[in-house]
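Data from entry.csv: CSV, N, CA and C atoms
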chain,number,residue,atom,x,y,z
B,1,MET,N,71.2,71.9,195.7
B,1,MET,CA,70.3,72.6,194.8
B,1,MET,C,71.0,73.8,194.2
B,2,PRO,N,71.4,73.8,193.0
B,2,PRO,CA,72.0,74.9,192.4
B,2,PRO,C,71.1,76.1,192.2
B,3,GLY,N,71.6,77.3,192.1
B,3,GLY,CA,70.7,78.4,191.7
B,3,GLY,C,70.8,79.5,192.8
B,4,LYS,N,70.1,80.6,192.6
B,4,LYS,CA,70.0,81.7,193.5
B,4,LYS,C,69.3,81.2,194.8
B,5,THR,N,69.8,81.7,195.9
B,5,THR,CA,69.2,81.4,197.2
B,5,THR,C,68.4,82.6,197.6
B,6,TYR,N,67.1,82.5,197.8
B,6,TYR,CA,66.3,83.6,198.2
B,6,TYR,C,66.1,83.6,199.7
B,7,SER,N,66.0,84.8,200.3
B,7,SER,CA,65.5,85.0,201.6
B,7,SER,C,64.0,85.2,201.4
B,8,VAL,N,63.2,85.2,202.5
B,8,VAL,CA,61.8,85.4,202.4
B,8,VAL,C,61.6,86.8,201.9
B,9,ALA,N,62.3,87.8,202.4
B,9,ALA,CA,62.1,89.2,202.0
B,9,ALA,C,62.4,89.3,200.5
B,10,GLU,N,63.5,88.7,200.0
B,10,GLU,CA,63.8,88.8,198.5
B,10,GLU,C,62.7,88.1,197.7
B,11,ALA,N,62.2,87.0,198.2
B,11,ALA,CA,61.1,86.3,197.4
B,11,ALA,C,59.8,87.2,197.4
B,12,ASN,N,59.5,87.8,198.6
B,12,ASN,CA,58.3,88.7,198.6
B,12,ASN,C,58.5,89.9,197.8
B,13,ALA,N,59.7,90.4,197.7
B,13,ALA,CA,60.0,91.6,196.8
B,13,ALA,C,59.8,91.3,195.4
B,14,LEU,N,59.9,90.1,195.0
B,14,LEU,CA,59.8,89.7,193.6
B,14,LEU,C,58.3,89.5,193.2
B,15,LEU,N,57.4,89.3,194.2
B,15,LEU,CA,56.0,89.0,193.9
B,15,LEU,C,55.3,90.0,193.0
B,16,PRO,N,55.5,91.3,193.2
B,16,PRO,CA,54.8,92.3,192.3
B,16,PRO,C,55.2,92.1,190.8
B,17,HIS,N,56.3,91.5,190.5
B,17,HIS,CA,56.7,91.2,189.1
B,17,HIS,C,56.3,89.8,188.7
B,18,LEU,N,56.4,88.9,189.7
B,18,LEU,CA,56.2,87.5,189.4
B,18,LEU,C,54.7,87.2,189.2
B,19,ALA,N,53.8,87.8,190.0
B,19,ALA,CA,52.4,87.5,189.9
B,19,ALA,C,51.8,87.8,188.5
B,20,PRO,N,52.1,89.0,187.9
B,20,PRO,CA,51.5,89.3,186.6
B,20,PRO,C,52.2,88.4,185.5
B,21,THR,N,53.4,88.0,185.7
B,21,THR,CA,54.1,87.1,184.8
B,21,THR,C,53.4,85.7,184.8
B,22,LEU,N,53.1,85.2,186.0
B,22,LEU,CA,52.4,83.9,186.1
B,22,LEU,C,51.0,84.0,185.5
B,23,VAL,N,50.3,85.1,185.8
B,23,VAL,CA,48.9,85.2,185.2
B,23,VAL,C,48.9,85.2,183.7
B,24,GLU,N,49.8,86.0,183.1
B,24,GLU,CA,49.9,86.0,181.7
B,24,GLU,C,50.4,84.7,181.1
B,25,LEU,N,51.3,84.0,181.8
B,25,LEU,CA,51.8,82.7,181.3
B,25,LEU,C,50.6,81.7,181.3
B,26,ARG,N,49.8,81.7,182.4
B,26,ARG,CA,48.7,80.8,182.5
B,26,ARG,C,47.7,81.1,181.3
B,27,ASP,N,47.4,82.4,181.1
B,27,ASP,CA,46.4,82.7,180.1
B,27,ASP,C,46.9,82.4,178.7
B,28,VAL,N,48.1,82.7,178.4
B,28,VAL,CA,48.7,82.4,177.1
B,28,VAL,C,48.8,80.9,176.8
B,29,TYR,N,49.2,80.2,177.9
B,29,TYR,CA,49.3,78.8,177.8
B,29,TYR,C,48.0,78.1,177.5
B,30,GLU,N,47.0,78.6,178.2
B,30,GLU,CA,45.6,78.0,178.0
B,30,GLU,C,45.1,78.4,176.6
B,31,GLU,N,45.4,79.6,176.1
B,31,GLU,CA,45.0,80.0,174.7
B,31,GLU,C,45.7,79.2,173.7
B,32,ALA,N,47.0,78.9,173.9
B,32,ALA,CA,47.8,78.1,173.0
B,32,ALA,C,47.2,76.7,172.9
B,33,ALA,N,46.8,76.2,174.0
B,33,ALA,CA,46.2,74.8,174.1
B,33,ALA,C,44.9,74.8,173.3
B,34,ARG,N,44.0,75.8,173.5
B,34,ARG,CA,42.8,75.9,172.7
B,34,ARG,C,43.0,76.0,171.2
B,35,ILE,N,44.0,76.8,170.8
B,35,ILE,CA,44.3,76.9,169.4
B,35,ILE,C,44.8,75.6,168.9
B,36,ARG,N,45.6,74.9,169.6
B,36,ARG,CA,46.2,73.6,169.2
B,36,ARG,C,45.0,72.6,169.0
B,37,THR,N,44.1,72.6,169.9
B,37,THR,CA,42.9,71.7,169.7
B,37,THR,C,42.1,72.1,168.5
B,38,ALA,N,41.9,73.3,168.2
B,38,ALA,CA,41.2,73.8,167.0
B,38,ALA,C,42.0,73.4,165.7
B,39,MET,N,43.3,73.5,165.8
B,39,MET,CA,44.2,73.1,164.7
B,39,MET,C,44.1,71.7,164.4
B,40,ALA,N,44.1,70.9,165.4
B,40,ALA,CA,44.0,69.4,165.3
B,40,ALA,C,42.7,69.0,164.6
B,41,ARG,N,41.6,69.7,164.9
B,41,ARG,CA,40.3,69.4,164.3
B,41,ARG,C,40.3,69.8,162.8
B,42,SER,N,40.9,71.0,162.6
B,42,SER,CA,41.0,71.5,161.2
B,42,SER,C,42.0,70.6,160.3
B,43,ALA,N,43.0,70.2,160.9
B,43,ALA,CA,44.0,69.4,160.2
B,43,ALA,C,43.4,68.0,159.8
B,44,ALA,N,42.5,67.5,160.6
B,44,ALA,CA,41.9,66.2,160.3
B,44,ALA,C,41.1,66.3,159.0
B,45,GLY,N,40.6,67.5,158.6
B,45,GLY,CA,39.8,67.7,157.4
B,45,GLY,C,40.6,68.1,156.2
B,46,ASN,N,41.7,68.9,156.4
B,46,ASN,CA,42.4,69.3,155.2
B,46,ASN,C,43.9,69.4,155.3
B,47,GLY,N,44.4,69.0,156.5
B,47,GLY,CA,45.9,68.9,156.6
B,47,GLY,C,46.5,70.3,157.0
B,48,TRP,N,45.8,71.4,157.0
B,48,TRP,CA,46.4,72.7,157.3
B,48,TRP,C,45.5,73.5,158.1
B,49,SER,N,46.0,74.4,158.9
B,49,SER,CA,45.1,75.3,159.7
B,49,SER,C,45.7,76.7,159.6
B,50,ALA,N,44.9,77.6,159.4
B,50,ALA,CA,45.3,79.0,159.4
B,50,ALA,C,45.6,79.5,160.8
B,51,LYS,N,45.3,78.7,161.8
B,51,LYS,CA,45.6,79.1,163.1
B,51,LYS,C,47.0,78.8,163.5
B,52,ARG,N,47.8,78.1,162.7
B,52,ARG,CA,49.1,77.7,163.0
B,52,ARG,C,50.0,78.9,163.4
B,53,GLU,N,49.9,80.0,162.6
B,53,GLU,CA,50.7,81.2,162.9
B,53,GLU,C,50.4,81.8,164.3
B,54,LYS,N,49.1,81.9,164.6
B,54,LYS,CA,48.7,82.4,165.9
B,54,LYS,C,49.2,81.5,167.0
B,55,TRP,N,49.1,80.2,166.8
B,55,TRP,CA,49.6,79.2,167.8
B,55,TRP,C,51.1,79.4,168.0
B,56,SER,N,51.8,79.6,166.9
B,56,SER,CA,53.3,79.7,167.0
B,56,SER,C,53.6,81.0,167.8
B,57,ARG,N,52.9,82.1,167.6
B,57,ARG,CA,53.1,83.3,168.3
B,57,ARG,C,52.9,83.1,169.8
B,58,LYS,N,51.8,82.4,170.1
B,58,LYS,CA,51.5,82.1,171.6
B,58,LYS,C,52.6,81.3,172.2
B,59,LEU,N,53.0,80.3,171.5
B,59,LEU,CA,54.1,79.4,172.0
B,59,LEU,C,55.4,80.3,172.2
B,60,GLY,N,55.6,81.2,171.3
B,60,GLY,CA,56.8,82.1,171.5
B,60,GLY,C,56.7,82.9,172.8
B,61,ARG,N,55.5,83.4,173.0
B,61,ARG,CA,55.3,84.2,174.3
B,61,ARG,C,55.4,83.3,175.5
B,62,VAL,N,54.9,82.1,175.4
B,62,VAL,CA,55.1,81.2,176.6
B,62,VAL,C,56.6,81.0,176.8
B,63,ALA,N,57.4,80.8,175.8
B,63,ALA,CA,58.8,80.6,175.9
B,63,ALA,C,59.5,81.9,176.6
B,64,GLU,N,59.0,83.1,176.2
B,64,GLU,CA,59.6,84.3,176.7
B,64,GLU,C,59.3,84.4,178.2
B,65,LEU,N,58.0,84.0,178.6
B,65,LEU,CA,57.7,84.1,180.0
B,65,LEU,C,58.4,83.1,180.9
B,66,VAL,N,58.5,81.9,180.3
B,66,VAL,CA,59.3,80.8,181.1
B,66,VAL,C,60.7,81.3,181.2
B,67,ALA,N,61.3,81.9,180.2
B,67,ALA,CA,62.7,82.4,180.2
B,67,ALA,C,62.8,83.4,181.3
B,68,ARG,N,61.8,84.3,181.5
B,68,ARG,CA,61.8,85.3,182.6
B,68,ARG,C,61.9,84.6,183.9
B,69,LEU,N,61.1,83.6,184.1
B,69,LEU,CA,61.1,82.8,185.4
B,69,LEU,C,62.5,82.2,185.6
B,70,GLN,N,63.1,81.7,184.5
B,70,GLN,CA,64.4,81.1,184.6
B,70,GLN,C,65.5,82.1,185.0
B,71,GLU,N,65.4,83.3,184.4
B,71,GLU,CA,66.3,84.4,184.8
B,71,GLU,C,66.2,84.7,186.3
B,72,TRP,N,65.0,84.7,186.8
B,72,TRP,CA,64.8,85.0,188.2
B,72,TRP,C,65.2,83.8,189.1
B,73,GLU,N,65.4,82.6,188.4
B,73,GLU,CA,65.7,81.3,189.1
B,73,GLU,C,64.6,80.9,190.1
B,74,VAL,N,63.4,81.1,189.6
B,74,VAL,CA,62.2,80.6,190.3
B,74,VAL,C,61.8,79.3,189.6
B,75,ILE,N,61.4,78.3,190.4
B,75,ILE,CA,61.0,77.0,189.9
B,75,ILE,C,59.5,77.0,189.7
B,76,LEU,N,59.1,76.9,188.5
B,76,LEU,CA,57.6,76.8,188.2
B,76,LEU,C,57.2,75.3,188.4
B,77,ARG,N,56.2,75.2,189.3
B,77,ARG,CA,55.7,73.8,189.6
B,77,ARG,C,54.3,73.5,188.9
B,78,ASP,N,53.5,74.6,188.8
B,78,ASP,CA,52.2,74.4,188.1
B,78,ASP,C,51.7,75.7,187.5
B,79,VAL,N,51.5,75.6,186.2
B,79,VAL,CA,51.1,76.8,185.4
B,79,VAL,C,49.6,77.2,185.8
B,80,ASP,N,48.7,76.2,186.0
B,80,ASP,CA,47.3,76.5,186.3
B,80,ASP,C,47.1,77.3,187.6
B,81,THR,N,47.9,76.9,188.6
B,81,THR,CA,47.7,77.5,189.9
B,81,THR,C,48.7,78.6,190.2
B,82,GLY,N,49.7,78.7,189.3
B,82,GLY,CA,50.8,79.7,189.5
B,82,GLY,C,51.7,79.3,190.7
B,83,LEU,N,51.9,78.0,190.9
B,83,LEU,CA,52.7,77.5,192.0
B,83,LEU,C,54.1,77.6,191.7
B,84,VAL,N,54.9,78.2,192.5
B,84,VAL,CA,56.4,78.3,192.3
B,84,VAL,C,57.1,78.1,193.6
B,85,ASP,N,58.4,77.7,193.5
B,85,ASP,CA,59.3,77.5,194.6
B,85,ASP,C,60.5,78.4,194.4
B,86,PHE,N,61.0,78.9,195.5
B,86,PHE,CA,62.2,79.7,195.6
B,86,PHE,C,63.2,78.9,196.4
B,87,ILE,N,64.4,78.7,195.9
B,87,ILE,CA,65.5,78.0,196.6
B,87,ILE,C,65.9,78.9,197.8
B,88,SER,N,66.0,78.3,199.0
B,88,SER,CA,66.3,79.0,200.2
B,88,SER,C,67.1,78.0,201.1
B,89,GLU,N,67.4,78.5,202.3
B,89,GLU,CA,68.0,77.7,203.4
B,89,GLU,C,67.3,78.0,204.7
B,90,ARG,N,67.3,76.9,205.5
B,90,ARG,CA,66.8,77.1,206.8
B,90,ARG,C,67.7,76.2,207.7
B,91,GLY,N,68.3,76.8,208.7
B,91,GLY,CA,69.2,76.0,209.6
B,91,GLY,C,70.3,75.4,208.9
B,92,GLY,N,70.8,76.0,207.8
B,92,GLY,CA,71.9,75.5,207.1
B,92,GLY,C,71.6,74.4,206.1
B,93,ARG,N,70.3,74.1,206.0
B,93,ARG,CA,69.8,73.0,205.1
B,93,ARG,C,69.0,73.7,203.9
B,94,PRO,N,69.1,73.1,202.7
B,94,PRO,CA,68.4,73.6,201.6
B,94,PRO,C,66.9,73.3,201.8
B,95,ILE,N,66.1,74.4,201.5
B,95,ILE,CA,64.6,74.3,201.6
B,95,ILE,C,64.1,75.0,200.3
B,96,LEU,N,62.8,74.9,200.1
B,96,LEU,CA,62.1,75.6,199.1
B,96,LEU,C,61.0,76.5,199.7
B,97,LEU,N,61.1,77.8,199.5
B,97,LEU,CA,60.0,78.7,199.8
B,97,LEU,C,58.9,78.5,198.8
B,98,CYS,N,57.7,78.3,199.3
B,98,CYS,CA,56.6,77.9,198.4
B,98,CYS,C,55.5,79.0,198.3
B,99,TRP,N,55.1,79.4,197.1
B,99,TRP,CA,54.1,80.4,196.9
B,99,TRP,C,53.2,80.1,195.7
B,100,LYS,N,52.0,80.5,195.8
B,100,LYS,CA,51.1,80.4,194.6
B,100,LYS,C,50.3,81.6,194.4
B,101,LEU,N,49.8,81.8,193.2
B,101,LEU,CA,48.9,83.0,192.9
B,101,LEU,C,47.8,83.0,193.9
B,102,GLY,N,47.5,84.2,194.4
B,102,GLY,CA,46.4,84.4,195.3
B,102,GLY,C,46.8,84.5,196.7
B,103,GLU,N,48.0,84.1,197.0
B,103,GLU,CA,48.6,84.2,198.4
B,103,GLU,C,49.2,85.6,198.5
B,104,GLU,N,49.0,86.3,199.6
B,104,GLU,CA,49.5,87.7,199.7
B,104,GLU,C,51.0,87.7,199.8
B,105,GLU,N,51.6,86.7,200.4
B,105,GLU,CA,53.1,86.8,200.6
B,105,GLU,C,53.6,85.3,200.6
B,106,VAL,N,54.9,85.2,200.6
B,106,VAL,CA,55.5,83.9,200.8
B,106,VAL,C,55.4,83.6,202.2
B,107,ALA,N,54.7,82.5,202.6
B,107,ALA,CA,54.4,82.2,204.0
B,107,ALA,C,54.6,80.7,204.3
B,108,TYR,N,55.1,80.0,203.3
B,108,TYR,CA,55.3,78.5,203.5
B,108,TYR,C,56.6,78.1,202.9
B,109,TRP,N,57.0,76.9,203.4
B,109,TRP,CA,58.2,76.3,202.9
B,109,TRP,C,58.1,74.8,203.0
B,110,HIS,N,58.9,74.1,202.3
B,110,HIS,CA,58.9,72.6,202.4
B,110,HIS,C,60.3,72.1,202.0
B,111,SER,N,60.6,70.9,202.4
B,111,SER,CA,61.9,70.3,202.0
B,111,SER,C,61.8,69.9,200.5
B,112,PRO,N,63.0,69.8,199.9
B,112,PRO,CA,63.0,69.4,198.5
B,112,PRO,C,62.3,68.0,198.3
B,113,GLU,N,62.4,67.2,199.4
B,113,GLU,CA,61.9,65.8,199.3
B,113,GLU,C,60.3,65.8,199.5
B,114,ASP,N,59.8,66.7,200.3
B,114,ASP,CA,58.4,66.6,200.7
B,114,ASP,C,57.5,67.2,199.7
B,115,GLY,N,57.9,68.2,198.9
B,115,GLY,CA,57.0,68.8,198.0
B,115,GLY,C,55.9,69.6,198.6
B,116,TYR,N,54.9,70.0,197.8
B,116,TYR,CA,53.8,70.8,198.2
B,116,TYR,C,53.0,70.2,199.4
B,117,GLU,N,52.9,68.9,199.4
B,117,GLU,CA,52.1,68.2,200.4
B,117,GLU,C,52.8,68.4,201.8
B,118,GLY,N,54.1,68.7,201.8
B,118,GLY,CA,54.8,68.9,203.0
B,118,GLY,C,54.9,70.3,203.4
B,119,ARG,N,54.2,71.2,202.8
B,119,ARG,CA,54.2,72.6,203.1
B,119,ARG,C,54.0,72.9,204.6
B,120,LYS,N,54.9,73.8,205.1
B,120,LYS,CA,54.7,74.2,206.5
B,120,LYS,C,54.8,75.8,206.6
B,121,ALA,N,54.1,76.3,207.5
B,121,ALA,CA,54.1,77.8,207.7
B,121,ALA,C,55.5,78.2,208.1
B,122,LEU,N,55.9,79.4,207.7
B,122,LEU,CA,57.2,79.9,208.1
B,122,LEU,C,57.2,80.3,209.5
Taking this structure as input, can you express it in the form of structure tokens?
Amino acid sequence: MPGKTYSVAEANALLPHLAPTLVELRDVYEEAARIRTAMARSAAGNGWSAKREKWSRKLGRVAELVARLQEWEVILRDVDTGLVDFISERGGRPILLCWKLGEEEVAYWHSPEDGYEGRKAL
């Protein structure tokens, strides 16, 4: 697995920055989806929607927030729940530290093969 390798302490130190980014990403993503639905309804009637510019701005913000996650080398798994993985190691083997919005700290891990269903407490 290429990318930054996080310790539990490093992953936890990023949470005060990561959590608000994920909340904003979720909110902007949902709003972009609502605008797109409204545009589709409008387009069916006249082929154009005044909402297109607003939708474009929202998608631009989504791209900025995803780029921030990429800079941090955090793996986004689910926008709705704010589920992310941090590349790490345990016993010399690659693992993923697992965290989602609402959890106080990074307290779980799983192998790359097991995914979220294989989450284990640290």
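Interatomic distance, atom N of His17 (chain B) against atom N of Val62 (chain B): 17.8 Å.
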Sphere at (48.4, 81.1, 175.0), radius 8 Å, counting only N, CA and C atoms: residues as number ranges by chain: B: 24-35, 55, 57-59, 61-62
Which of chain B end up as helix (DSSP H, G or I) when DSSP is run on this backbone - answer as a short mmCIF file (atom, residue, chain, number, x, y, z; two decimals) with N, CA and C atoms, in the coordinates of the input?
data_model
loop_
_atom_site.label_atom_id
_atom_site.label_comp_id
_atom_site.auth_asym_id
_atom_site.auth_seq_id
_atom_site.Cartn_x
_atom_site.Cartn_y
_atom_site.Cartn_z
N VAL B 8 63.20 85.20 202.50
CA VAL B 8 61.80 85.40 202.40
C VAL B 8 61.60 86.80 201.90
N ALA B 9 62.30 87.80 202.40
CA ALA B 9 62.10 89.20 202.00
C ALA B 9 62.40 89.30 200.50
N GLU B 10 63.50 88.70 200.00
CA GLU B 10 63.80 88.80 198.50
C GLU B 10 62.70 88.10 197.70
N ALA B 11 62.20 87.00 198.20
CA ALA B 11 61.10 86.30 197.40
C ALA B 11 59.80 87.20 197.40
N ASN B 12 59.50 87.80 198.60
CA ASN B 12 58.30 88.70 198.60
C ASN B 12 58.50 89.90 197.80
N ALA B 13 59.70 90.40 197.70
CA ALA B 13 60.00 91.60 196.80
C ALA B 13 59.80 91.30 195.40
N LEU B 14 59.90 90.10 195.00
CA LEU B 14 59.80 89.70 193.60
C LEU B 14 58.30 89.50 193.20
N LEU B 15 57.40 89.30 194.20
CA LEU B 15 56.00 89.00 193.90
C LEU B 15 55.30 90.00 193.00
N PRO B 16 55.50 91.30 193.20
CA PRO B 16 54.80 92.30 192.30
C PRO B 16 55.20 92.10 190.80
N HIS B 17 56.30 91.50 190.50
CA HIS B 17 56.70 91.20 189.10
C HIS B 17 56.30 89.80 188.70
N LEU B 18 56.40 88.90 189.70
CA LEU B 18 56.20 87.50 189.40
C LEU B 18 54.70 87.20 189.20
N ALA B 19 53.80 87.80 190.00
CA ALA B 19 52.40 87.50 189.90
C ALA B 19 51.80 87.80 188.50
N PRO B 20 52.10 89.00 187.90
CA PRO B 20 51.50 89.30 186.60
C PRO B 20 52.20 88.40 185.50
N THR B 21 53.40 88.00 185.70
CA THR B 21 54.10 87.10 184.80
C THR B 21 53.40 85.70 184.80
N LEU B 22 53.10 85.20 186.00
CA LEU B 22 52.40 83.90 186.10
C LEU B 22 51.00 84.00 185.50
N VAL B 23 50.30 85.10 185.80
CA VAL B 23 48.90 85.20 185.20
C VAL B 23 48.90 85.20 183.70
N GLU B 24 49.80 86.00 183.10
CA GLU B 24 49.90 86.00 181.70
C GLU B 24 50.40 84.70 181.10
N LEU B 25 51.30 84.00 181.80
CA LEU B 25 51.80 82.70 181.30
C LEU B 25 50.60 81.70 181.30
N ARG B 26 49.80 81.70 182.40
CA ARG B 26 48.70 80.80 182.50
C ARG B 26 47.70 81.10 181.30
N ASP B 27 47.40 82.40 181.10
CA ASP B 27 46.40 82.70 180.10
C ASP B 27 46.90 82.40 178.70
N VAL B 28 48.10 82.70 178.40
CA VAL B 28 48.70 82.40 177.10
C VAL B 28 48.80 80.90 176.80
N TYR B 29 49.20 80.20 177.90
CA TYR B 29 49.30 78.80 177.80
C TYR B 29 48.00 78.10 177.50
N GLU B 30 47.00 78.60 178.20
CA GLU B 30 45.60 78.00 178.00
C GLU B 30 45.10 78.40 176.60
N GLU B 31 45.40 79.60 176.10
CA GLU B 31 45.00 80.00 174.70
C GLU B 31 45.70 79.20 173.70
N ALA B 32 47.00 78.90 173.90
CA ALA B 32 47.80 78.10 173.00
C ALA B 32 47.20 76.70 172.90
N ALA B 33 46.80 76.20 174.00
CA ALA B 33 46.20 74.80 174.10
C ALA B 33 44.90 74.80 173.30
N ARG B 34 44.00 75.80 173.50
CA ARG B 34 42.80 75.90 172.70
C ARG B 34 43.00 76.00 171.20
N ILE B 35 44.00 76.80 170.80
CA ILE B 35 44.30 76.90 169.40
C ILE B 35 44.80 75.60 168.90
N ARG B 36 45.60 74.90 169.60
CA ARG B 36 46.20 73.60 169.20
C ARG B 36 45.00 72.60 169.00
N THR B 37 44.10 72.60 169.90
CA THR B 37 42.90 71.70 169.70
C THR B 37 42.10 72.10 168.50
N ALA B 38 41.90 73.30 168.20
CA ALA B 38 41.20 73.80 167.00
C ALA B 38 42.00 73.40 165.70
N MET B 39 43.30 73.50 165.80
CA MET B 39 44.20 73.10 164.70
C MET B 39 44.10 71.70 164.40
N ALA B 40 44.10 70.90 165.40
CA ALA B 40 44.00 69.40 165.30
C ALA B 40 42.70 69.00 164.60
N ARG B 41 41.60 69.70 164.90
CA ARG B 41 40.30 69.40 164.30
C ARG B 41 40.30 69.80 162.80
N SER B 42 40.90 71.00 162.60
CA SER B 42 41.00 71.50 161.20
C SER B 42 42.00 70.60 160.30
N ALA B 43 43.00 70.20 160.90
CA ALA B 43 44.00 69.40 160.20
C ALA B 43 43.40 68.00 159.80
N ALA B 44 42.50 67.50 160.60
CA ALA B 44 41.90 66.20 160.30
C ALA B 44 41.10 66.30 159.00
N GLY B 45 40.60 67.50 158.60
CA GLY B 45 39.80 67.70 157.40
C GLY B 45 40.60 68.10 156.20
N ASN B 46 41.70 68.90 156.40
CA ASN B 46 42.40 69.30 155.20
C ASN B 46 43.90 69.40 155.30
N ARG B 52 47.80 78.10 162.70
CA ARG B 52 49.10 77.70 163.00
C ARG B 52 50.00 78.90 163.40
N GLU B 53 49.90 80.00 162.60
CA GLU B 53 50.70 81.20 162.90
C GLU B 53 50.40 81.80 164.30
N LYS B 54 49.10 81.90 164.60
CA LYS B 54 48.70 82.40 165.90
C LYS B 54 49.20 81.50 167.00
N TRP B 55 49.10 80.20 166.80
CA TRP B 55 49.60 79.20 167.80
C TRP B 55 51.10 79.40 168.00
N SER B 56 51.80 79.60 166.90
CA SER B 56 53.30 79.70 167.00
C SER B 56 53.60 81.00 167.80
N ARG B 57 52.90 82.10 167.60
CA ARG B 57 53.10 83.30 168.30
C ARG B 57 52.90 83.10 169.80
N LYS B 58 51.80 82.40 170.10
CA LYS B 58 51.50 82.10 171.60
C LYS B 58 52.60 81.30 172.20
N LEU B 59 53.00 80.30 171.50
CA LEU B 59 54.10 79.40 172.00
C LEU B 59 55.40 80.30 172.20
N GLY B 60 55.60 81.20 171.30
CA GLY B 60 56.80 82.10 171.50
C GLY B 60 56.70 82.90 172.80
N ARG B 61 55.50 83.40 173.00
CA ARG B 61 55.30 84.20 174.30
C ARG B 61 55.40 83.30 175.50
N VAL B 62 54.90 82.10 175.40
CA VAL B 62 55.10 81.20 176.60
C VAL B 62 56.60 81.00 176.80
N ALA B 63 57.40 80.80 175.80
CA ALA B 63 58.80 80.60 175.90
C ALA B 63 59.50 81.90 176.60
N GLU B 64 59.00 83.10 176.20
CA GLU B 64 59.60 84.30 176.70
C GLU B 64 59.30 84.40 178.20
N LEU B 65 58.00 84.00 178.60
CA LEU B 65 57.70 84.10 180.00
C LEU B 65 58.40 83.10 180.90
N VAL B 66 58.50 81.90 180.30
CA VAL B 66 59.30 80.80 181.10
C VAL B 66 60.70 81.30 181.20
N ALA B 67 61.30 81.90 180.20
CA ALA B 67 62.70 82.40 180.20
C ALA B 67 62.80 83.40 181.30
N ARG B 68 61.80 84.30 181.50
CA ARG B 68 61.80 85.30 182.60
C ARG B 68 61.90 84.60 183.90
N LEU B 69 61.10 83.60 184.10
CA LEU B 69 61.10 82.80 185.40
C LEU B 69 62.50 82.20 185.60
N GLN B 70 63.10 81.70 184.50
CA GLN B 70 64.40 81.10 184.60
C GLN B 70 65.50 82.10 185.00
N GLU B 71 65.40 83.30 184.40
CA GLU B 71 66.30 84.40 184.80
C GLU B 71 66.20 84.70 186.30
N TRP B 72 65.00 84.70 186.80
CA TRP B 72 64.80 85.00 188.20
C TRP B 72 65.20 83.80 189.10
N TYR B 116 54.90 70.00 197.80
CA TYR B 116 53.80 70.80 198.20
C TYR B 116 53.00 70.20 199.40
N GLU B 117 52.90 68.90 199.40
CA GLU B 117 52.10 68.20 200.40
C GLU B 117 52.80 68.40 201.80
N GLY B 118 54.10 68.70 201.80
CA GLY B 118 54.80 68.90 203.00
C GLY B 118 54.90 70.30 203.40
#
Protein/DNA/RNA residues near (65.8, 76.5, 199.6), cut 8 Å, only N, CA and C atoms, as a PyMOL selection string: chain B and resi 1+4-6+85-90+93-97+110-112
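Note that the spacing between CA of Glu73 (chain B) and atom C of Ala121 (chain B) amounts to 21.8 Å.
Comparing the minimum interatomic distances between Val106 (chain B) and each of B:Val66, B:Leu83, B:Val23, B:Leu122, counting all atoms listed in the file, we find that B:Leu122 sits nearest.
Across the structure, CA of Ile75 (chain B) and atom N of Asp114 (chain B) are spaced 14.7 Å apart.
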Test item, strand (DSSP E or B) assignment across chain B, answer as an NGL selection string: :B and (74-78 or 83-90 or 93-99 or 108-110 or 120-121)
